[in-house]
There are 4 protein chains.
Amino acid sequence: MTTTEAGATAPSDDSTQNVTHATHGYHKQKDEHLKRLRRIEGQIRGLQRMVDEDVYCIDILTQVSASTKALQSFALQLLEEHLRHCVADAAVRGGDEIDAKVDEATKAIARLLRT
Amino acid sequence: MTTTEAGATAPSDDSTQNVTHATHGYHKQKDEHLKRLRRIEGQIRGLQRMVDEDVYCIDILTQVSASTKALQSFALQLLEEHLRHCVADAAVRGGDEIDAKVDEATKAIARLLRT
Amino acid sequence: MTTTEAGATAPSDDSTQNVTHATHGYHKQKDEHLKRLRRIEGQIRGLQRMVDEDVYCIDILTQVSASTKALQSFALQLLEEHLRHCVADAAVRGGDEIDAKVDEATKAIARLLRT
Amino acid sequence: MTTTEAGATAPSDDSTQNVTHATHGYHKQKDEHLKRLRRIEGQIRGLQRMVDEDVYCIDILTQVSASTKALQSFALQLLEEHLRHCVADAAVRGGDEIDAKVDEATKAIARLLRT
């Protein structure tokens with residue numbers, strides 16, 4: 001996935017690209033999301049320190065579980081905003097877009113479940 | 001969890017603390033583990049960049065799934081080494097320790113499953 | 001959860017209860033869903049037979065993973081139909097209902113993820 | 001996987017097949033396991049009834065989560081007994097078998113995690 005081409009995955013939004021871009025579901029929560037992700041980054045660095053200091057395996061696994069849980073909370077928050085904004089907006093606009101959006105969201109949920 | 005007190009969770013190892021400490025299951029793989037964790041740290045920083053640049057929610061979720069999967073691969077690797085060394089060693093030493101070790105490992109697996 | 005009172009969890013649908021009831025997202029797929037669930041029931045009975053015949057633990061665990069995966073596929077199918085119908089309909093109707101529906105769907109996804 | 005050939009997946013046990021067969025980790029817990037599995041079978045039949053009666057999607061998803069959780073508890077119980085008996089026994093016997101057993105157990109855990 002090339003993140004800089006992310007917009008290209010939603011060709012149907014072309015004409016409203018700038019507007020859409022400014023109103024991604026998670027836009028308003030940006031600061032909160034960045035804070036969460038920085039905390040997770042800190043947890044990952046903590047894991048490196050634990051490995052480096054030969055901490056007991058089980059304690060490292062506990063910290064891995066905490067980091068995974070934090071990542072999933074972040075994903076759920078993002079998903080909720082996506083459903084509330086992008087998916088709901090597509091439903092209101094009508095047409096075929098809602099099918100594509102629901103399909104896309106379901107696949108994202110499947111990927112989260114399979115990890 | 002206080003990582004610096006991790007050794008305290010295995011009181012039965014007291015007399016062999018230094019030896020055990022030097023032979024944690026994951027010891028030999030330390031460099032590989034640190035490399036994996038630094039790659040995951042890079043993924044988390046990539047997520048921050050994506051949020052900061054208003055990348056499309058679904059693409060961020062895809063990257064979250066990849067990071068979670070990487071964390072779980074790391075956990076599985078650690079767990080395998082733990083079973084191969086700490087748990088197997090306890091079995092060989094005999095006595096009650098194997099029960100405690102299996103109980104502890106199962107709880108760690110349960111925590112990984114519940115996330 | 002009392003399944004027979006399930007309708008009571010959606011008080012805002014009161015006036016359209018019968019209509020809604022007849023058009024739950026998964027209605028059209030009912031036969032397919034029942035077929036899937038009967039297959040899963042067969043897998044669970046297969047597990048009982050395996051335990052009864054002292055089959056090797058690891059082979060039983062493989063079958064448990066297959067059953068869990070089948071249950072999650074069923075859940076994803078149901079969720080997709082729910083998003084496509086119930087959630088999208090709430091968005092089209094407008095008002096506060098969409099917030100409640102998205103909140104409810106996100107909590108259901110969180111429960112699936114935590115298992 | 002052919003369940004009736006399950007023993008064939010552990011060729012190194014050939015000579016002790018009958019003994020091993022009689023001492024699978026989960027042997028003593030057989031009744032408890034069968035009880036759990038029958039309860040899960042009841043949950044799956046409950047799901048069929050819910051679909052048949054057009055129960056609200058979210059309530060069905062809640063029941064799916066409960067069934068998945070019950071299956072995972074069963075898997076964890078089985079895994080604990082497997083580690084305590086089969087894996088620990090292999091460690092005590094010495095030789096290469098412990099590596100194969102740990103490898104096998106780790107793969108089973110990975111399958112549980114990926115579902």
# chains A, B, ... in the order shown; residues from 1 in each chain; ligands from 1
>>> interface_residues(of="chain D", to="chain A", cutoff="9 Å", atoms="only C-alpha atoms", output="PDB file with C-alpha atoms, in the first residue's frame")
ATOM      1  CA  LEU D 113      -4.623 -16.490  17.043  1.00  0.00           C
ATOM      2  CA  ARG D 114      -5.258 -16.035  13.323  1.00  0.00           C
ATOM      3  CA  THR D 115      -8.938 -16.875  13.667  1.00  0.00           C
TER       4      THR D 115
END
>>> residues_around(residues="segment 59-65 of chain D", least_positions_apart="4", cutoff="7 Å", atoms="only C-alpha atoms", output="JSON, numbers by chain")
{"C": [6, 71, 75, 108, 111, 112, 115], "D": [47, 50, 55, 69]}
>>> write_last_selection(atoms="C-alpha atoms", output="CSV table (one decimal), in the first residue's frame")
chain,number,residue,atom,x,y,z
C,6,ALA,CA,-34.5,-8.8,20.9
C,71,LEU,CA,-18.3,-18.7,13.1
C,75,ALA,CA,-20.5,-13.0,11.8
C,108,ALA,CA,-20.6,-5.6,18.3
C,111,ARG,CA,-17.0,-8.0,21.0
C,112,LEU,CA,-16.0,-10.0,18.0
C,115,THR,CA,-12.9,-13.0,21.4
D,47,LEU,CA,-28.2,-19.3,16.7
D,50,MET,CA,-32.5,-16.8,16.2
D,55,VAL,CA,-34.0,-11.9,15.6
D,69,LYS,CA,-15.4,-17.2,23.3
>>> atom_distance(atom1="atom CA of Gly95 of chain C", atom2="atom CA of His85 of chain A")
13.7 Å
>>> closest_residue(among="B:Gly46, B:Leu83, B:Leu78, B:Asp99", to="Ala66 of chain B", atoms="only C-alpha atoms")
B:Gly46
>>> atom_distance(atom1="atom CA of His82 of chain C", atom2="atom CA of Cys57 of chain D")
6.5 Å
